[in-house]
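K.L.:
So I've got this file, model.pdb, and it contains PDB, C-alpha atoms:
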```
MODEL        1
ATOM      1  CA  MET A   1       0.000   0.000   0.000
ATOM      2  CA  ASN A   2       1.283   3.459  -0.840
ATOM      3  CA  PRO A   3       0.369   5.643   2.169
ATOM      4  CA  THR A   4       0.838   8.911   0.305
ATOM      5  CA  SER A   5      -2.094   8.011  -1.935
ATOM      6  CA  HIS A   6      -4.507   8.537   0.968
ATOM      7  CA  ALA A   7      -3.547  12.101   1.924
ATOM      8  CA  THR A   8      -6.839  13.640   0.849
ATOM      9  CA  THR A   9      -8.041  15.502   3.950
ATOM     10  CA  GLN A  10      -6.576  18.789   2.734
ATOM     11  CA  ASP A  11      -9.566  19.065   0.389
ATOM     12  CA  LEU A  12     -11.882  19.133   3.409
ATOM     13  CA  GLY A  13     -10.408  22.221   5.051
ATOM     14  CA  ASP A  14     -10.217  22.111   8.867
ATOM     15  CA  ILE A  15     -11.166  18.512   9.587
ATOM     16  CA  ARG A  16     -11.860  19.230  13.267
ATOM     17  CA  THR A  17     -14.462  21.820  12.309
ATOM     18  CA  VAL A  18     -15.905  19.481   9.688
ATOM     19  CA  LEU A  19     -16.170  16.675  12.241
ATOM     20  CA  GLU A  20     -17.865  18.948  14.785
ATOM     21  CA  GLU A  21     -20.480  19.679  12.131
ATOM     22  CA  ASP A  22     -20.718  15.954  11.370
ATOM     23  CA  VAL A  23     -21.399  15.131  15.025
ATOM     24  CA  LEU A  24     -24.188  17.731  15.124
ATOM     25  CA  ALA A  25     -25.669  16.184  11.973
ATOM     26  CA  VAL A  26     -25.453  12.717  13.531
ATOM     27  CA  ASN A  27     -27.248  13.910  16.671
ATOM     28  CA  GLU A  28     -29.996  15.479  14.553
ATOM     29  CA  LEU A  29     -30.442  12.265  12.589
ATOM     30  CA  ILE A  30     -30.507  10.186  15.771
ATOM     31  CA  ILE A  31     -33.273  12.350  17.235
ATOM     32  CA  LYS A  32     -35.231  12.181  13.980
ATOM     33  CA  ARG A  33     -34.902   8.420  13.567
ATOM     34  CA  MET A  34     -35.775   7.443  17.113
ATOM     35  CA  ASP A  35     -39.072   9.288  16.847
ATOM     36  CA  SER A  36     -42.254   7.228  17.106
ATOM     37  CA  PRO A  37     -45.950   7.898  17.697
ATOM     38  CA  ILE A  38     -45.584   5.546  20.672
ATOM     39  CA  GLU A  39     -44.601   8.196  23.212
ATOM     40  CA  MET A  40     -42.619   5.941  25.523
ATOM     41  CA  ILE A  41     -40.168   4.975  22.755
ATOM     42  CA  PRO A  42     -38.615   8.406  22.060
ATOM     43  CA  ASN A  43     -38.816   9.407  25.725
ATOM     44  CA  LEU A  44     -36.922   6.351  26.907
ATOM     45  CA  ALA A  45     -34.465   6.383  24.006
ATOM     46  CA  LYS A  46     -33.656  10.078  24.438
ATOM     47  CA  HIS A  47     -32.998   9.521  28.134
ATOM     48  CA  LEU A  48     -29.927   7.462  27.249
ATOM     49  CA  VAL A  49     -28.974   8.633  23.756
ATOM     50  CA  MET A  50     -28.877  12.315  24.726
ATOM     51  CA  ALA A  51     -27.303  11.784  28.161
ATOM     52  CA  GLY A  52     -23.889  13.019  27.089
ATOM     53  CA  GLY A  53     -22.115   9.821  26.087
ATOM     54  CA  LYS A  54     -18.669  10.005  24.503
ATOM     55  CA  ARG A  55     -19.847   8.987  21.003
ATOM     56  CA  VAL A  56     -16.427   7.363  20.529
ATOM     57  CA  ARG A  57     -17.660   4.714  18.090
ATOM     58  CA  PRO A  58     -19.539   7.045  15.712
ATOM     59  CA  LYS A  59     -16.699   9.592  15.935
ATOM     60  CA  LEU A  60     -14.311   6.827  14.912
ATOM     61  CA  ALA A  61     -16.353   6.063  11.793
ATOM     62  CA  LEU A  62     -16.678   9.761  10.952
ATOM     63  CA  THR A  63     -12.967  10.452  11.397
ATOM     64  CA  VAL A  64     -11.827   7.462   9.337
ATOM     65  CA  SER A  65     -14.163   8.323   6.473
ATOM     66  CA  ARG A  66     -13.138  11.994   6.508
ATOM     67  CA  LEU A  67      -9.439  11.111   6.761
ATOM     68  CA  LEU A  68      -9.801   9.091   3.580
ATOM     69  CA  GLY A  69     -11.476  11.913   1.697
ATOM     70  CA  HIS A  70     -15.189  11.107   1.981
ATOM     71  CA  SER A  71     -17.182  14.271   1.260
ATOM     72  CA  ALA A  72     -20.784  13.083   0.813
ATOM     73  CA  ASP A  73     -23.181  12.370   3.700
ATOM     74  CA  ALA A  74     -23.429   8.567   3.887
ATOM     75  CA  HIS A  75     -21.059   8.588   6.867
ATOM     76  CA  ILE A  76     -23.707  10.460   8.890
ATOM     77  CA  LYS A  77     -26.109   7.540   8.531
ATOM     78  CA  LEU A  78     -23.269   5.142   9.315
ATOM     79  CA  ALA A  79     -22.388   6.970  12.532
ATOM     80  CA  ALA A  80     -26.033   7.161  13.638
ATOM     81  CA  CYS A  81     -26.443   3.466  12.909
ATOM     82  CA  ILE A  82     -23.409   2.616  15.052
ATOM     83  CA  GLU A  83     -24.700   4.735  17.933
ATOM     84  CA  PHE A  84     -28.112   3.037  17.717
ATOM     85  CA  ILE A  85     -26.475  -0.395  17.933
ATOM     86  CA  HIS A  86     -24.373   0.721  20.895
ATOM     87  CA  THR A  87     -27.332   2.288  22.708
ATOM     88  CA  ALA A  88     -29.511  -0.770  22.137
ATOM     89  CA  THR A  89     -26.856  -2.985  23.709
ATOM     90  CA  LEU A  90     -26.590  -0.624  26.700
ATOM     91  CA  LEU A  91     -30.349  -0.796  27.287
ATOM     92  CA  HIS A  92     -30.228  -4.583  27.184
ATOM     93  CA  ASP A  93     -27.057  -4.750  29.320
ATOM     94  CA  ASP A  94     -28.585  -2.634  32.072
ATOM     95  CA  VAL A  95     -31.517  -5.030  32.275
ATOM     96  CA  VAL A  96     -29.270  -8.108  32.371
ATOM     97  CA  ASP A  97     -27.005  -6.531  35.004
ATOM     98  CA  GLY A  98     -29.765  -4.873  37.014
ATOM     99  CA  SER A  99     -27.834  -1.597  36.764
ATOM    100  CA  ALA A 100     -29.225   1.507  38.450
ATOM    101  CA  LEU A 101     -26.832   4.148  37.110
ATOM    102  CA  ARG A 102     -25.563   4.952  33.608
ATOM    103  CA  ARG A 103     -23.698   8.137  32.595
ATOM    104  CA  GLY A 104     -24.457   9.595  36.008
ATOM    105  CA  ARG A 105     -28.227   9.174  35.640
ATOM    106  CA  ALA A 106     -30.789   6.583  36.671
ATOM    107  CA  THR A 107     -30.966   3.829  34.063
ATOM    108  CA  ALA A 108     -33.965   3.394  31.790
ATOM    109  CA  ASN A 109     -34.815   0.064  33.406
ATOM    110  CA  ILE A 110     -35.090   1.796  36.788
ATOM    111  CA  LEU A 111     -37.308   4.571  35.408
ATOM    112  CA  TRP A 112     -39.444   2.631  32.903
ATOM    113  CA  GLY A 113     -38.926  -1.011  33.845
ATOM    114  CA  ASN A 114     -37.134  -3.966  32.281
ATOM    115  CA  GLN A 115     -39.768  -4.790  29.683
ATOM    116  CA  ALA A 116     -39.823  -1.282  28.221
ATOM    117  CA  SER A 117     -36.016  -1.108  28.151
ATOM    118  CA  ILE A 118     -35.731  -4.387  26.265
ATOM    119  CA  LEU A 119     -38.390  -3.427  23.739
ATOM    120  CA  VAL A 120     -36.958   0.042  23.081
ATOM    121  CA  GLY A 121     -33.541  -1.567  22.676
ATOM    122  CA  ASP A 122     -35.105  -3.793  20.028
ATOM    123  CA  PHE A 123     -36.630  -0.702  18.399
ATOM    124  CA  LEU A 124     -33.193   0.959  18.178
ATOM    125  CA  PHE A 125     -31.706  -2.184  16.643
ATOM    126  CA  SER A 126     -34.441  -2.071  14.002
ATOM    127  CA  ARG A 127     -33.684   1.598  13.313
ATOM    128  CA  ALA A 128     -30.019   0.714  12.895
ATOM    129  CA  PHE A 129     -30.829  -1.905  10.288
ATOM    130  CA  VAL A 130     -33.072   0.511   8.383
ATOM    131  CA  LEU A 131     -30.123   2.910   8.169
ATOM    132  CA  MET A 132     -27.853   0.094   6.994
ATOM    133  CA  VAL A 133     -30.226  -0.703   4.152
ATOM    134  CA  GLU A 134     -30.508   2.976   3.208
ATOM    135  CA  MET A 135     -26.718   3.189   2.836
ATOM    136  CA  GLY A 136     -27.026   0.671   0.013
ATOM    137  CA  SER A 137     -23.812  -1.232   0.741
ATOM    138  CA  LEU A 138     -24.039  -4.981   1.255
ATOM    139  CA  GLU A 139     -20.493  -4.945   2.624
ATOM    140  CA  ILE A 140     -21.372  -2.417   5.322
ATOM    141  CA  LEU A 141     -24.568  -4.321   6.074
ATOM    142  CA  ASN A 142     -22.494  -7.469   6.525
ATOM    143  CA  VAL A 143     -19.867  -5.784   8.722
ATOM    144  CA  LEU A 144     -22.412  -4.206  11.072
ATOM    145  CA  SER A 145     -24.785  -7.178  11.255
ATOM    146  CA  VAL A 146     -21.879  -9.500  12.085
ATOM    147  CA  ALA A 147     -20.772  -7.013  14.748
ATOM    148  CA  ALA A 148     -24.259  -6.954  16.300
ATOM    149  CA  SER A 149     -24.256 -10.744  16.437
ATOM    150  CA  ARG A 150     -20.784 -10.889  18.015
ATOM    151  CA  ILE A 151     -21.741  -8.317  20.652
ATOM    152  CA  ALA A 152     -24.603 -10.569  21.758
ATOM    153  CA  GLU A 153     -22.278 -13.581  21.829
ATOM    154  CA  GLY A 154     -19.795 -11.630  23.944
ATOM    155  CA  GLU A 155     -22.483 -10.709  26.450
ATOM    156  CA  VAL A 156     -23.500 -14.366  26.725
ATOM    157  CA  MET A 157     -19.836 -15.338  27.261
ATOM    158  CA  GLN A 158     -19.667 -12.818  30.091
ATOM    159  CA  LEU A 159     -22.845 -14.228  31.608
ATOM    160  CA  MET A 160     -21.442 -17.766  31.445
ATOM    161  CA  ASN A 161     -18.268 -16.692  33.293
ATOM    162  CA  GLN A 162     -20.102 -14.714  35.951
ATOM    163  CA  GLY A 163     -18.611 -15.510  39.350
ATOM    164  CA  ASN A 164     -16.037 -17.912  37.886
ATOM    165  CA  VAL A 165     -12.730 -16.805  39.424
ATOM    166  CA  ASP A 166     -10.974 -19.562  37.459
ATOM    167  CA  ALA A 167     -11.842 -17.854  34.159
ATOM    168  CA  SER A 168      -8.805 -17.788  31.880
ATOM    169  CA  LEU A 169      -7.109 -14.835  30.240
ATOM    170  CA  GLU A 170      -8.022 -16.378  26.891
ATOM    171  CA  SER A 171     -11.730 -16.453  27.751
ATOM    172  CA  TYR A 172     -11.594 -12.861  29.013
ATOM    173  CA  PHE A 173      -9.992 -11.516  25.853
ATOM    174  CA  GLU A 174     -12.329 -13.544  23.644
ATOM    175  CA  MET A 175     -15.253 -12.045  25.533
ATOM    176  CA  ILE A 176     -14.163  -8.384  25.384
ATOM    177  CA  GLU A 177     -13.112  -8.723  21.759
ATOM    178  CA  ALA A 178     -16.684  -9.778  20.983
ATOM    179  CA  LYS A 179     -18.741  -7.573  23.283
ATOM    180  CA  THR A 180     -16.744  -4.350  22.965
ATOM    181  CA  ALA A 181     -13.904  -4.370  20.444
ATOM    182  CA  LYS A 182     -16.056  -5.740  17.613
ATOM    183  CA  LEU A 183     -18.129  -2.565  17.299
ATOM    184  CA  PHE A 184     -15.006  -0.366  17.344
ATOM    185  CA  GLU A 185     -13.543  -2.618  14.658
ATOM    186  CA  ALA A 186     -16.738  -2.429  12.611
ATOM    187  CA  ALA A 187     -16.922   1.373  12.939
ATOM    188  CA  ALA A 188     -13.392   1.808  11.595
ATOM    189  CA  GLU A 189     -13.827  -0.786   8.842
ATOM    190  CA  ALA A 190     -17.146   0.684   7.710
ATOM    191  CA  GLY A 191     -15.531   4.132   7.652
ATOM    192  CA  VAL A 192     -13.110   2.778   5.058
ATOM    193  CA  LEU A 193     -15.925   1.137   3.101
ATOM    194  CA  ILE A 194     -17.699   4.507   2.865
ATOM    195  CA  ALA A 195     -14.629   6.255   1.446
ATOM    196  CA  LYS A 196     -12.350   3.653  -0.198
ATOM    197  CA  PRO A 197     -14.428   0.477  -0.701
ATOM    198  CA  ALA A 198     -11.955  -1.098  -3.139
ATOM    199  CA  ASP A 199      -8.859  -0.728  -0.922
ATOM    200  CA  GLU A 200      -8.620  -4.071   0.909
ATOM    201  CA  ALA A 201      -5.260  -3.291   2.557
ATOM    202  CA  LEU A 202      -6.611  -0.052   3.984
ATOM    203  CA  ARG A 203      -9.734  -1.818   5.170
ATOM    204  CA  LEU A 204      -7.671  -4.400   7.085
ATOM    205  CA  LYS A 205      -5.422  -1.689   8.535
ATOM    206  CA  PHE A 206      -8.272   0.304  10.041
ATOM    207  CA  LYS A 207     -10.138  -2.818  11.107
ATOM    208  CA  GLU A 208      -7.149  -3.802  13.263
ATOM    209  CA  PHE A 209      -6.824  -0.225  14.513
ATOM    210  CA  GLY A 210     -10.441  -0.347  15.695
ATOM    211  CA  ARG A 211      -9.951  -3.737  17.348
ATOM    212  CA  CYS A 212      -6.933  -2.559  19.354
ATOM    213  CA  LEU A 213      -8.716   0.668  20.286
ATOM    214  CA  GLY A 214     -11.750  -1.279  21.502
ATOM    215  CA  LEU A 215      -9.644  -3.641  23.615
ATOM    216  CA  ALA A 216      -7.870  -0.700  25.263
ATOM    217  CA  PHE A 217     -11.211   1.002  25.898
ATOM    218  CA  GLN A 218     -12.769  -2.022  27.606
ATOM    219  CA  ILE A 219      -9.741  -2.832  29.757
ATOM    220  CA  VAL A 220      -9.693   0.749  31.058
ATOM    221  CA  ASP A 221     -13.411   0.420  31.859
ATOM    222  CA  ASP A 222     -12.579  -2.686  33.875
ATOM    223  CA  VAL A 223      -9.770  -0.894  35.714
ATOM    224  CA  LEU A 224     -11.956   2.124  36.505
ATOM    225  CA  ASP A 225     -14.534  -0.138  38.150
ATOM    226  CA  TYR A 226     -12.068  -0.751  40.992
ATOM    227  CA  ASP A 227     -11.258   2.952  41.499
ATOM    228  CA  TYR A 228     -13.742   4.063  44.150
ATOM    229  CA  THR A 229     -11.956   7.440  44.415
ATOM    230  CA  ASN A 230     -13.005   8.367  40.861
ATOM    231  CA  VAL A 231     -15.922  10.803  40.977
ATOM    232  CA  VAL A 232     -16.112  11.656  37.258
ATOM    233  CA  SER A 233     -16.901   8.304  35.631
ATOM    234  CA  GLY A 234     -20.690   8.581  35.885
ATOM    235  CA  LYS A 235     -20.806   4.966  36.990
ATOM    236  CA  LYS A 236     -20.757   3.665  40.539
ATOM    237  CA  ALA A 237     -17.429   2.012  41.318
ATOM    238  CA  GLY A 238     -17.657  -1.682  42.123
ATOM    239  CA  THR A 239     -20.571  -2.339  39.783
ATOM    240  CA  ASP A 240     -18.753  -5.092  37.877
ATOM    241  CA  PHE A 241     -17.482  -6.627  41.122
ATOM    242  CA  GLU A 242     -20.948  -6.554  42.674
ATOM    243  CA  GLU A 243     -22.434  -8.200  39.562
ATOM    244  CA  GLY A 244     -19.845 -10.980  39.664
ATOM    245  CA  LYS A 245     -18.074 -10.011  36.448
ATOM    246  CA  ILE A 246     -14.602 -11.478  36.088
ATOM    247  CA  THR A 247     -12.430  -8.779  34.566
ATOM    248  CA  LEU A 248      -8.710  -8.392  33.894
ATOM    249  CA  PRO A 249      -7.720  -6.781  37.244
ATOM    250  CA  LEU A 250      -9.399  -9.615  39.129
ATOM    251  CA  ILE A 251      -7.827 -12.278  36.900
ATOM    252  CA  TYR A 252      -4.371 -10.795  37.507
ATOM    253  CA  ALA A 253      -4.964 -10.496  41.264
ATOM    254  CA  TYR A 254      -6.151 -14.105  41.457
ATOM    255  CA  GLU A 255      -3.201 -15.267  39.347
ATOM    256  CA  ASN A 256      -0.693 -13.923  41.906
ATOM    257  CA  ALA A 257      -2.706 -14.673  45.045
ATOM    258  CA  SER A 258      -1.750 -17.141  47.761
ATOM    259  CA  ILE A 259      -3.909 -20.197  48.359
ATOM    260  CA  SER A 260      -5.697 -18.491  51.254
ATOM    261  CA  GLU A 261      -6.263 -15.341  49.199
ATOM    262  CA  ARG A 262      -7.619 -17.407  46.324
ATOM    263  CA  ASN A 263     -10.036 -19.122  48.684
ATOM    264  CA  ARG A 264     -11.122 -15.717  49.970
ATOM    265  CA  LEU A 265     -11.767 -14.497  46.420
ATOM    266  CA  ARG A 266     -13.641 -17.674  45.547
ATOM    267  CA  GLU A 267     -15.848 -17.354  48.624
ATOM    268  CA  MET A 268     -16.469 -13.701  47.810
ATOM    269  CA  PHE A 269     -17.947 -14.615  44.426
ATOM    270  CA  GLU A 270     -20.118 -17.327  45.945
ATOM    271  CA  GLN A 271     -21.813 -14.748  48.167
ATOM    272  CA  PRO A 272     -24.899 -12.684  47.277
ATOM    273  CA  ALA A 273     -24.238  -9.455  45.411
ATOM    274  CA  SER A 274     -25.271  -7.396  48.444
ATOM    275  CA  LEU A 275     -22.464  -8.885  50.544
ATOM    276  CA  ARG A 276     -19.944  -8.311  47.763
ATOM    277  CA  ALA A 277     -21.064  -4.693  47.616
ATOM    278  CA  GLU A 278     -20.347  -4.296  51.333
ATOM    279  CA  ALA A 279     -16.875  -5.792  50.905
ATOM    280  CA  PHE A 280     -15.970  -3.827  47.782
ATOM    281  CA  THR A 281     -13.745  -1.106  49.250
ATOM    282  CA  GLY A 282     -11.508  -3.621  51.009
ATOM    283  CA  MET A 283     -11.361  -5.830  47.915
ATOM    284  CA  ALA A 284     -10.544  -2.856  45.686
ATOM    285  CA  ASP A 285      -7.675  -1.914  48.005
ATOM    286  CA  TYR A 286      -6.386  -5.487  47.927
ATOM    287  CA  ILE A 287      -6.503  -5.644  44.112
ATOM    288  CA  LYS A 288      -4.737  -2.292  43.838
ATOM    289  CA  GLN A 289      -2.023  -3.311  46.308
ATOM    290  CA  SER A 290      -1.488  -6.564  44.407
ATOM    291  CA  GLY A 291      -0.363  -4.545  41.383
ATOM    292  CA  ALA A 292      -3.209  -5.952  39.281
ATOM    293  CA  LEU A 293      -4.713  -2.550  38.423
ATOM    294  CA  LEU A 294      -1.422  -1.134  37.192
ATOM    295  CA  ARG A 295      -0.675  -4.325  35.276
ATOM    296  CA  ALA A 296      -4.098  -4.279  33.588
ATOM    297  CA  HIS A 297      -3.744  -0.605  32.729
ATOM    298  CA  ASP A 298      -0.351  -1.310  31.175
ATOM    299  CA  VAL A 299      -2.055  -3.849  28.902
ATOM    300  CA  ALA A 300      -4.587  -1.198  27.859
ATOM    301  CA  VAL A 301      -1.774   1.247  27.098
ATOM    302  CA  GLY A 302      -0.071  -1.479  25.076
ATOM    303  CA  TYR A 303      -3.148  -1.903  22.889
ATOM    304  CA  ALA A 304      -3.475   1.876  22.468
ATOM    305  CA  ASN A 305       0.181   2.053  21.423
ATOM    306  CA  LYS A 306      -0.359  -0.804  18.986
ATOM    307  CA  ALA A 307      -3.332   1.047  17.490
ATOM    308  CA  CYS A 308      -1.138   4.099  16.958
ATOM    309  CA  GLU A 309       1.654   2.027  15.421
ATOM    310  CA  ILE A 310      -0.814   0.670  12.864
ATOM    311  CA  LEU A 311      -1.273   4.209  11.532
ATOM    312  CA  ALA A 312       2.455   5.025  11.509
ATOM    313  CA  ASP A 313       2.844   4.764   7.726
ATOM    314  CA  LEU A 314      -0.019   7.153   6.983
ATOM    315  CA  PRO A 315       1.124  10.672   6.060
ATOM    316  CA  PRO A 316       0.743  13.451   8.654
ATOM    317  CA  SER A 317      -2.716  15.019   8.720
ATOM    318  CA  GLU A 318      -5.255  16.402  11.164
ATOM    319  CA  GLY A 319      -7.386  13.310  10.668
ATOM    320  CA  LYS A 320      -4.511  11.040  11.628
ATOM    321  CA  GLU A 321      -3.767  13.178  14.698
ATOM    322  CA  LEU A 322      -7.407  12.913  15.755
ATOM    323  CA  LEU A 323      -7.286   9.124  15.518
ATOM    324  CA  LEU A 324      -4.086   9.056  17.569
ATOM    325  CA  GLU A 325      -5.785  11.259  20.170
ATOM    326  CA  ILE A 326      -8.747   8.874  20.287
ATOM    327  CA  ALA A 327      -6.392   5.909  20.744
ATOM    328  CA  TYR A 328      -4.325   7.485  23.519
ATOM    329  CA  GLY A 329      -7.432   8.944  25.109
ATOM    330  CA  SER A 330      -9.018   5.509  25.324
ATOM    331  CA  ALA A 331      -6.172   4.320  27.559
ATOM    332  CA  MET A 332      -5.595   7.472  29.620
ATOM    333  CA  ARG A 333      -9.206   8.458  30.368
ATOM    334  CA  HIS A 334     -10.803   8.628  33.826
ATOM    335  CA  ALA A 335     -14.424   8.206  32.726
TER     336      ALA A 335
ENDMDL
END
```
Re-express the file's structure as structure tokens.

P.N.:
Amino acid sequence: MNPTSHATTQDLGDIRTVLEEDVLAVNELIIKRMDSPIEMIPNLAKHLVMAGGKRVRPKLALTVSRLLGHSADAHIKLAACIEFIHTATLLHDDVVDGSALRRGRATANILWGNQASILVGDFLFSRAFVLMVEMGSLEILNVLSVAASRIAEGEVMQLMNQGNVDASLESYFEMIEAKTAKLFEAAAEAGVLIAKPADEALRLKFKEFGRCLGLAFQIVDDVLDYDYTNVVSGKKAGTDFEEGKITLPLIYAYENASISERNRLREMFEQPASLRAEAFTGMADYIKQSGALLRAHDVAVGYANKACEILADLPPSEGKELLLEIAYGSAMRHA
């Protein structure tokens, strides 16, 4: 691949300004497409969609497509589609996990109930697929539909490992690659398909970039769950621990634990969630002191660095710098 052949962002002027306008257009389309005469649907959907999320996945698709010279508006539908898929999975996840807080606000399942949350999640999935069809690309339809399927498989993997302190590193990475990294991967790949559909090498490059970015993002999420001093995350610390989720910090702590400490951890995950919640602060301190949090964060930084290395042969541009910022930001964030 000749990297100089992709230096087309100069034709777009200030790409940061262009992308700010793109994000506004995506938000407008999201509001328009989640409308329904059934009043509960837009009310519930807006509660989460407009709650100030990072929009990392749609921004990734927008930035990749703009970096590669896309100047039409198909990427707006792509970004909205990706955000609908993500939001639908969050609605379903909060029901499965019994979560009470999301982005610093009461979850939809707390306010409207589990049944409504599941059904509105289904509605958003259907809206996503309508947008996919409107884009008119079978390749993008395939990429995003496969991603939606893998996300569901990843969530089931997580459910199957709930409370299993013997879960392996391999099973953990397989799970987060499916439930989180796959949508990042799909967003980046689809961004290429919008702009340079015939460039297979470029497609594979950005697909791997998205995968590494998604892995870094999820591992940092798992680390932040054990930081009860963090007041900016919008999510109650200890949620994953309380729900019995086996994440990388816990796997590393268990790996280096003594027999008695392993027994203590095992017993902890055999207890009701309410008892785990009471023991969280002490357990978080133990996991931090074991070095597991720092070790897990180092892995996240490693994936962010790998994502940046993947883009090393692209020529300098604002679009490239934005992608590097997204990659580093995914590993160094506090929320």

K.L.:
Hey, what comes out of the PyMOL selection byres ((chain A and resi 299-305) around 7) on this file? Could you write it as a list in words?

P.N.:
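For this structure, the PyMOL selection byres ((chain A and resi 299-305) around 7) resolves to Cys212, Leu213, Leu215, Ala216, Ile219, Val220, Arg295, Ala296, His297, Asp298, Lys306, Ala307, Cys308, Glu309, Ala327, Tyr328 and Ala331 of chain A.
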
K.L.:
What lies within 10 Å of A:Met135 using all atoms listed in the file, ignoring chain neighbours under 6 positions off, as a ChimeraX atom specification?

P.N.:
/A:73-78,129,141,194

K.L.:
What does the PyMOL selection byres ((chain A and resi 96) around 12) select in this file, as a tab-separated table (two decimals) with C-alpha atoms, in the coordinates of the input?

P.N.:
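What follows is the written file expr_24.tsv:
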```
chain	number	residue	atom	x	y	z
A	89	THR	CA	-26.86	-2.98	23.71
A	90	LEU	CA	-26.59	-0.62	26.70
A	91	LEU	CA	-30.35	-0.80	27.29
A	92	HIS	CA	-30.23	-4.58	27.18
A	93	ASP	CA	-27.06	-4.75	29.32
A	94	ASP	CA	-28.58	-2.63	32.07
A	95	VAL	CA	-31.52	-5.03	32.28
A	97	ASP	CA	-27.00	-6.53	35.00
A	98	GLY	CA	-29.76	-4.87	37.01
A	99	SER	CA	-27.83	-1.60	36.76
A	100	ALA	CA	-29.22	1.51	38.45
A	109	ASN	CA	-34.82	0.06	33.41
A	114	ASN	CA	-37.13	-3.97	32.28
A	115	GLN	CA	-39.77	-4.79	29.68
A	117	SER	CA	-36.02	-1.11	28.15
A	118	ILE	CA	-35.73	-4.39	26.26
A	152	ALA	CA	-24.60	-10.57	21.76
A	155	GLU	CA	-22.48	-10.71	26.45
A	156	VAL	CA	-23.50	-14.37	26.72
A	158	GLN	CA	-19.67	-12.82	30.09
A	159	LEU	CA	-22.84	-14.23	31.61
A	162	GLN	CA	-20.10	-14.71	35.95
A	243	GLU	CA	-22.43	-8.20	39.56
```

K.L.:
I'd like the residues picked by the PyMOL selection byres ((chain A and resi 204) around 12) written out as a list in words, using the chain letters and numbers from the file.

P.N.:
Met1, Glu185, Ala186, Ala188, Glu189, Ala190, Gly191, Val192, Leu193, Lys196, Pro197, Ala198, Asp199, Glu200, Ala201, Leu202, Arg203, Lys205, Phe206, Lys207, Glu208, Phe209, Gly210, Arg211, Ile310 and Leu311 of chain A

K.L.:
Counting all atoms listed in the file, find the residues whose atoms lie at most 7 Å from (-15.8, 14.0, 10.1) (file coordinates) and write them out as a PDB file with C-alpha atoms, in the coordinates of the input.

P.N.:
```
ATOM      1  CA  ILE A  15     -11.166  18.512   9.587  1.00  0.00           C
ATOM      2  CA  VAL A  18     -15.905  19.481   9.688  1.00  0.00           C
ATOM      3  CA  LEU A  19     -16.170  16.675  12.241  1.00  0.00           C
ATOM      4  CA  ASP A  22     -20.718  15.954  11.370  1.00  0.00           C
ATOM      5  CA  LEU A  62     -16.678   9.761  10.952  1.00  0.00           C
ATOM      6  CA  THR A  63     -12.967  10.452  11.397  1.00  0.00           C
ATOM      7  CA  SER A  65     -14.163   8.323   6.473  1.00  0.00           C
ATOM      8  CA  ARG A  66     -13.138  11.994   6.508  1.00  0.00           C
TER       9      ARG A  66
END
```

K.L.:
Taking (-21.3, -7.8, 9.3) in the file's coordinates as the center, which residues reach within 12 Å of it, counting only C-alpha atoms, put as a VMD selection string?

P.N.:
chain A and resid 129 132 137 to 151 182 to 183 185 to 187 189 to 190

K.L.:
From the set A:Tyr228, A:Val120, A:His86, A:Val165, which residue has the shortest atom-to-atom contact distance to A:Ala181, counting all atoms listed in the file?

P.N.:
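Smallest distance to A:Ala181 is found for A:His86.
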
K.L.:
Residues within 12 Å of A:Ser168, please, as a PyMOL selection string. Count all atoms listed in the file; anything in the same chain fewer than 3 positions from it doesn't count.

P.N.:
chain A and resi 161+164-165+171-175+246-248+250-252+254-255

K.L.:
Which of these residues is nearest to A:Leu60, using all atoms listed in the file: A:Ser36, A:Thr239, A:Ser330, A:Asn256?

P.N.:
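Ranking A:Ser36, A:Thr239, A:Ser330, A:Asn256 by distance to A:Leu60, first place goes to A:Ser330.
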
K.L.:
Taking only C-alpha atoms into account, name the residue in A:Glu270, A:Pro315, A:Ile326, A:Asp225 that is nearest to A:Ala284.

P.N.:
A:Asp225

K.L.:
Hey, can you check how far atom CA of A:Ala178 sits from atom CA of A:Ala51?

P.N.:
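The value is 25.1 Å.
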
K.L.:
Rounded to one decimal, what separation in Å do you get between atom CA of A:Asp222 and atom CA of A:Asp240?

P.N.:
7.7 Å

K.L.:
Provide the atom CA of A:Gly244 to atom CA of A:Ala257 distance in Å, to one decimal place.

P.N.:
18.3 Å

K.L.:
For a quick check of understanding, using only C-alpha atoms, which of A:Lys320, A:Arg105, A:Lys236, A:Lys32 has the smallest distance to A:His47?

P.N.:
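Once distances to A:His47 are computed over only C-alpha atoms, the minimum belongs to A:Arg105.
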
K.L.:
Give the answer as one residue: which of A:Asn230, A:Ala312, A:Leu111, A:Cys81 has the shortest atom-to-atom distance to A:Met40, using all atoms listed in the file?

P.N.:
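Counting all atoms listed in the file, the residue closest to A:Met40 is A:Leu111.
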